[in-house]
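Below is model-v8.pdb, holding PDB, C-alpha atoms.
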ATOM      1  CA  MET A 196      91.891 140.863  90.493  1.00  0.00           C
ATOM      2  CA  TRP A 197      91.365 142.765  93.721  1.00  0.00           C
ATOM      3  CA  GLY A 198      87.741 141.753  94.258  1.00  0.00           C
ATOM      4  CA  GLY A 199      86.625 145.308  94.924  1.00  0.00           C
ATOM      5  CA  GLU A 200      88.138 148.682  95.550  1.00  0.00           C
ATOM      6  CA  PRO A 201      89.218 149.250  99.164  1.00  0.00           C
ATOM      7  CA  PRO A 202      88.150 152.631 100.532  1.00  0.00           C
ATOM      8  CA  LYS A 203      90.720 155.410 100.373  1.00  0.00           C
ATOM      9  CA  LEU A 204      92.028 156.468 103.758  1.00  0.00           C
ATOM     10  CA  THR A 205      92.940 159.983 104.746  1.00  0.00           C
ATOM     11  CA  LEU A 206      96.244 160.452 106.507  1.00  0.00           C
ATOM     12  CA  ASP A 207      95.202 161.707 109.922  1.00  0.00           C
ATOM     13  CA  GLY A 208      97.602 159.824 112.198  1.00  0.00           C
ATOM     14  CA  VAL A 209      94.773 157.841 113.781  1.00  0.00           C
ATOM     15  CA  PHE A 210      94.829 154.029 113.757  1.00  0.00           C
ATOM     16  CA  ASP A 211      91.100 153.414 113.933  1.00  0.00           C
ATOM     17  CA  SER A 212      88.825 150.501 113.033  1.00  0.00           C
ATOM     18  CA  VAL A 213      88.853 151.417 109.327  1.00  0.00           C
ATOM     19  CA  MET A 214      92.651 151.329 109.236  1.00  0.00           C
ATOM     20  CA  LEU A 215      92.718 148.064 111.199  1.00  0.00           C
ATOM     21  CA  LYS A 216      90.273 146.460 108.741  1.00  0.00           C
ATOM     22  CA  LYS A 217      92.403 147.518 105.777  1.00  0.00           C
ATOM     23  CA  ILE A 218      95.653 146.255 107.364  1.00  0.00           C
ATOM     24  CA  GLN A 219      94.016 142.911 108.163  1.00  0.00           C
ATOM     25  CA  TRP A 220      92.799 142.624 104.565  1.00  0.00           C
ATOM     26  CA  ILE A 221      96.267 143.399 103.188  1.00  0.00           C
ATOM     27  CA  GLN A 222      97.792 140.815 105.516  1.00  0.00           C
ATOM     28  CA  GLY A 223      95.278 138.190 104.370  1.00  0.00           C
ATOM     29  CA  CYS A 224      96.036 138.932 100.709  1.00  0.00           C
ATOM     30  CA  HIS A 225      99.692 138.181 101.339  1.00  0.00           C
ATOM     31  CA  GLY A 226      99.240 135.020 103.396  1.00  0.00           C
ATOM     32  CA  LEU A 227     100.155 136.696 106.674  1.00  0.00           C
ATOM     33  CA  PRO A 228      98.209 136.306 109.922  1.00  0.00           C
ATOM     34  CA  ALA A 229      95.397 138.871 109.685  1.00  0.00           C
ATOM     35  CA  ASN A 230      95.936 140.197 113.200  1.00  0.00           C
ATOM     36  CA  GLY A 231      96.291 143.907 112.395  1.00  0.00           C
ATOM     37  CA  ILE A 232      99.759 144.058 113.954  1.00  0.00           C
ATOM     38  CA  ILE A 233     102.177 145.888 111.675  1.00  0.00           C
ATOM     39  CA  GLU A 234     105.494 144.095 112.048  1.00  0.00           C
ATOM     40  CA  ASP A 235     108.402 143.478 109.664  1.00  0.00           C
ATOM     41  CA  ARG A 236     106.580 141.203 107.215  1.00  0.00           C
ATOM     42  CA  THR A 237     103.591 143.545 107.048  1.00  0.00           C
ATOM     43  CA  TRP A 238     105.831 146.565 106.404  1.00  0.00           C
ATOM     44  CA  GLU A 239     107.485 144.613 103.600  1.00  0.00           C
ATOM     45  CA  VAL A 240     104.183 143.920 101.820  1.00  0.00           C
ATOM     46  CA  LEU A 241     103.052 147.512 102.347  1.00  0.00           C
ATOM     47  CA  TYR A 242     106.110 148.657 100.413  1.00  0.00           C
ATOM     48  CA  HIS A 243     105.951 145.797  97.866  1.00  0.00           C
ATOM     49  CA  PRO A 244     102.280 144.774  97.486  1.00  0.00           C
ATOM     50  CA  ALA A 245     101.079 141.806  95.447  1.00  0.00           C
ATOM     51  CA  LEU A 246      99.765 142.664  92.013  1.00  0.00           C
ATOM     52  CA  ASP A 247      96.541 140.779  92.642  1.00  0.00           C
ATOM     53  CA  CYS A 248      94.462 139.543  95.536  1.00  0.00           C
ATOM     54  CA  TYR A 249      91.697 136.983  95.441  1.00  0.00           C
ATOM     55  CA  ASN A 250      90.422 137.925  98.877  1.00  0.00           C
ATOM     56  CA  PRO A 251      87.495 140.335  98.276  1.00  0.00           C
ATOM     57  CA  TYR A 252      87.558 143.458 100.414  1.00  0.00           C
ATOM     58  CA  PRO A 253      84.829 143.130 103.074  1.00  0.00           C
ATOM     59  CA  ALA A 254      81.820 145.396 102.682  1.00  0.00           C
TER
END
Rewrite the structure of this file - the entire thing - as structure tokens.
Amino acid sequence: MWGGEPPKLTLDGVFDSVMLKKIQWIQGCHGLPANGIIEDRTWEVLYHPALDCYNPYPA
């Protein structure tokens, strides 16, 4: 259960506030500090995401 569909992002090479919000949400879903910093643990969950998340995507 993802609690809502996160918005699709276009690949434009820009790390803006929308991208930061999505990274922080992904980190929170995986029990990582939701700081928006993409380090080793965040890369790992980006490549191997959880099948469900009980943290609703913020509106």
key: Answer as a ChimeraX atom specification, residues within 10 Å of (96.7, 135.2, 97.6) using all atoms listed in the file   = /A:221-227,245-250
note = Using only C-alpha atoms, the residue out of A:Glu239, A:Glu234, A:Pro253, A:Pro244 with shortest distance to Val213 of chain A is A:Pro253
query = Quick one: distance from atom CA of Lys217 of chain A to atom CA of Tyr252 of chain A in Å, one decimal?
reply =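 Rounded to one decimal, the two atoms are 8.3 Å apart.
Of note, atom CA of Ile218 of chain A and atom CA of Leu241 of chain A are spaced 9.0 Å apart.
Nearest to Gly231 of chain A of all the residues A:Asp207, A:Met214, A:His243, A:Pro251 is A:Met214, counting all atoms listed in the file.
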request  = For atom CA of Val209 of chain A and atom CA of Val240 of chain A, determine how far apart the two atoms are, in Å to one decimal place.
outcome  =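 Atom-to-atom, atom CA of Val209 of chain A and atom CA of Val240 of chain A are spaced 20.6 Å apart.
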Completion of segment 235-246 of chain A up to all heavy atoms, as an mmCIF file, keeping the file's coordinate frame:
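Wrote it out as selection-v6.cif, contents follow:
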data_model
loop_
_atom_site.group_PDB
_atom_site.id
_atom_site.type_symbol
_atom_site.label_atom_id
_atom_site.label_comp_id
_atom_site.auth_asym_id
_atom_site.auth_seq_id
_atom_site.Cartn_x
_atom_site.Cartn_y
_atom_site.Cartn_z
ATOM 1 N N ASP A 235 107.492 143.468 110.813
ATOM 2 C CA ASP A 235 108.402 143.478 109.664
ATOM 3 C C ASP A 235 107.789 142.949 108.381
ATOM 4 O O ASP A 235 107.899 143.577 107.330
ATOM 5 C CB ASP A 235 109.672 142.682 109.977
ATOM 6 C CG ASP A 235 110.519 143.345 111.051
ATOM 7 O OD1 ASP A 235 110.308 144.540 111.323
ATOM 8 O OD2 ASP A 235 111.384 142.654 111.619
ATOM 9 N N ARG A 236 107.142 141.787 108.445
ATOM 10 C CA ARG A 236 106.580 141.203 107.215
ATOM 11 C C ARG A 236 105.467 142.065 106.654
ATOM 12 O O ARG A 236 105.324 142.208 105.441
ATOM 13 C CB ARG A 236 106.084 139.785 107.478
ATOM 14 C CG ARG A 236 107.218 138.824 107.818
ATOM 15 C CD ARG A 236 106.719 137.433 108.081
ATOM 16 N NE ARG A 236 105.812 137.451 109.246
ATOM 17 C CZ ARG A 236 105.007 136.468 109.597
ATOM 18 N NH1 ARG A 236 104.967 135.368 108.888
ATOM 19 N NH2 ARG A 236 104.248 136.561 110.660
ATOM 20 N N THR A 237 104.662 142.666 107.522
ATOM 21 C CA THR A 237 103.591 143.545 107.048
ATOM 22 C C THR A 237 104.174 144.799 106.408
ATOM 23 O O THR A 237 103.706 145.232 105.355
ATOM 24 C CB THR A 237 102.631 143.913 108.194
ATOM 25 O OG1 THR A 237 102.076 142.712 108.736
ATOM 26 C CG2 THR A 237 101.506 144.809 107.707
ATOM 27 N N TRP A 238 105.194 145.396 107.014
ATOM 28 C CA TRP A 238 105.831 146.565 106.404
ATOM 29 C C TRP A 238 106.358 146.214 105.023
ATOM 30 O O TRP A 238 106.239 147.003 104.089
ATOM 31 C CB TRP A 238 106.969 147.083 107.277
ATOM 32 C CG TRP A 238 106.512 147.956 108.397
ATOM 33 C CD1 TRP A 238 106.630 147.695 109.727
ATOM 34 C CD2 TRP A 238 105.842 149.218 108.308
ATOM 35 N NE1 TRP A 238 106.083 148.717 110.462
ATOM 36 C CE2 TRP A 238 105.594 149.667 109.622
ATOM 37 C CE3 TRP A 238 105.424 150.007 107.244
ATOM 38 C CZ2 TRP A 238 104.948 150.873 109.884
ATOM 39 C CZ3 TRP A 238 104.775 151.206 107.512
ATOM 40 C CH2 TRP A 238 104.549 151.621 108.820
ATOM 41 N N GLU A 239 106.929 145.022 104.892
ATOM 42 C CA GLU A 239 107.485 144.613 103.600
ATOM 43 C C GLU A 239 106.406 144.568 102.521
ATOM 44 O O GLU A 239 106.611 145.063 101.414
ATOM 45 C CB GLU A 239 108.151 143.245 103.735
ATOM 46 C CG GLU A 239 108.891 142.824 102.489
ATOM 47 C CD GLU A 239 109.646 141.524 102.688
ATOM 48 O OE1 GLU A 239 110.147 141.272 103.795
ATOM 49 O OE2 GLU A 239 109.716 140.771 101.715
ATOM 50 N N VAL A 240 105.235 143.984 102.838
ATOM 51 C CA VAL A 240 104.183 143.920 101.820
ATOM 52 C C VAL A 240 103.522 145.273 101.591
ATOM 53 O O VAL A 240 102.978 145.519 100.510
ATOM 54 C CB VAL A 240 103.125 142.840 102.122
ATOM 55 C CG1 VAL A 240 103.755 141.475 102.191
ATOM 56 C CG2 VAL A 240 102.337 143.136 103.364
ATOM 57 N N LEU A 241 103.575 146.163 102.572
ATOM 58 C CA LEU A 241 103.052 147.512 102.347
ATOM 59 C C LEU A 241 103.909 148.262 101.324
ATOM 60 O O LEU A 241 103.403 149.029 100.522
ATOM 61 C CB LEU A 241 102.976 148.289 103.663
ATOM 62 C CG LEU A 241 101.888 147.848 104.636
ATOM 63 C CD1 LEU A 241 102.058 148.562 105.971
ATOM 64 C CD2 LEU A 241 100.515 148.102 104.066
ATOM 65 N N TYR A 242 105.206 148.018 101.363
ATOM 66 C CA TYR A 242 106.110 148.657 100.413
ATOM 67 C C TYR A 242 106.180 147.919 99.077
ATOM 68 O O TYR A 242 106.517 148.512 98.064
ATOM 69 C CB TYR A 242 107.510 148.776 101.012
ATOM 70 C CG TYR A 242 107.619 149.876 102.024
ATOM 71 C CD1 TYR A 242 107.771 149.602 103.372
ATOM 72 C CD2 TYR A 242 107.562 151.210 101.640
ATOM 73 C CE1 TYR A 242 107.866 150.613 104.313
ATOM 74 C CE2 TYR A 242 107.647 152.230 102.565
ATOM 75 C CZ TYR A 242 107.801 151.923 103.903
ATOM 76 O OH TYR A 242 107.884 152.929 104.828
ATOM 77 N N HIS A 243 105.879 146.614 99.083
ATOM 78 C CA HIS A 243 105.951 145.797 97.866
ATOM 79 C C HIS A 243 104.698 144.924 97.782
ATOM 80 O O HIS A 243 104.766 143.711 97.976
ATOM 81 C CB HIS A 243 107.208 144.915 97.879
ATOM 82 C CG HIS A 243 108.464 145.682 98.083
ATOM 83 N ND1 HIS A 243 109.019 146.481 97.111
ATOM 84 C CD2 HIS A 243 109.264 145.806 99.163
ATOM 85 C CE1 HIS A 243 110.113 147.043 97.575
ATOM 86 N NE2 HIS A 243 110.276 146.662 98.825
ATOM 87 N N PRO A 244 103.534 145.532 97.485
ATOM 88 C CA PRO A 244 102.280 144.774 97.486
ATOM 89 C C PRO A 244 102.185 143.794 96.319
ATOM 90 O O PRO A 244 102.819 143.982 95.282
ATOM 91 C CB PRO A 244 101.215 145.861 97.364
ATOM 92 C CG PRO A 244 101.909 147.004 96.710
ATOM 93 C CD PRO A 244 103.332 146.938 97.163
ATOM 94 N N ALA A 245 101.365 142.764 96.513
ATOM 95 C CA ALA A 245 101.079 141.806 95.447
ATOM 96 C C ALA A 245 100.304 142.524 94.346
ATOM 97 O O ALA A 245 99.581 143.488 94.599
ATOM 98 C CB ALA A 245 100.251 140.653 96.002
ATOM 99 N N LEU A 246 100.470 142.049 93.133
ATOM 100 C CA LEU A 246 99.765 142.664 92.013
ATOM 101 C C LEU A 246 98.297 142.278 91.965
ATOM 102 O O LEU A 246 97.495 142.953 91.330
ATOM 103 C CB LEU A 246 100.457 142.280 90.702
ATOM 104 C CG LEU A 246 101.905 142.769 90.579
ATOM 105 C CD1 LEU A 246 102.499 142.283 89.269
ATOM 106 C CD2 LEU A 246 101.970 144.281 90.678
#
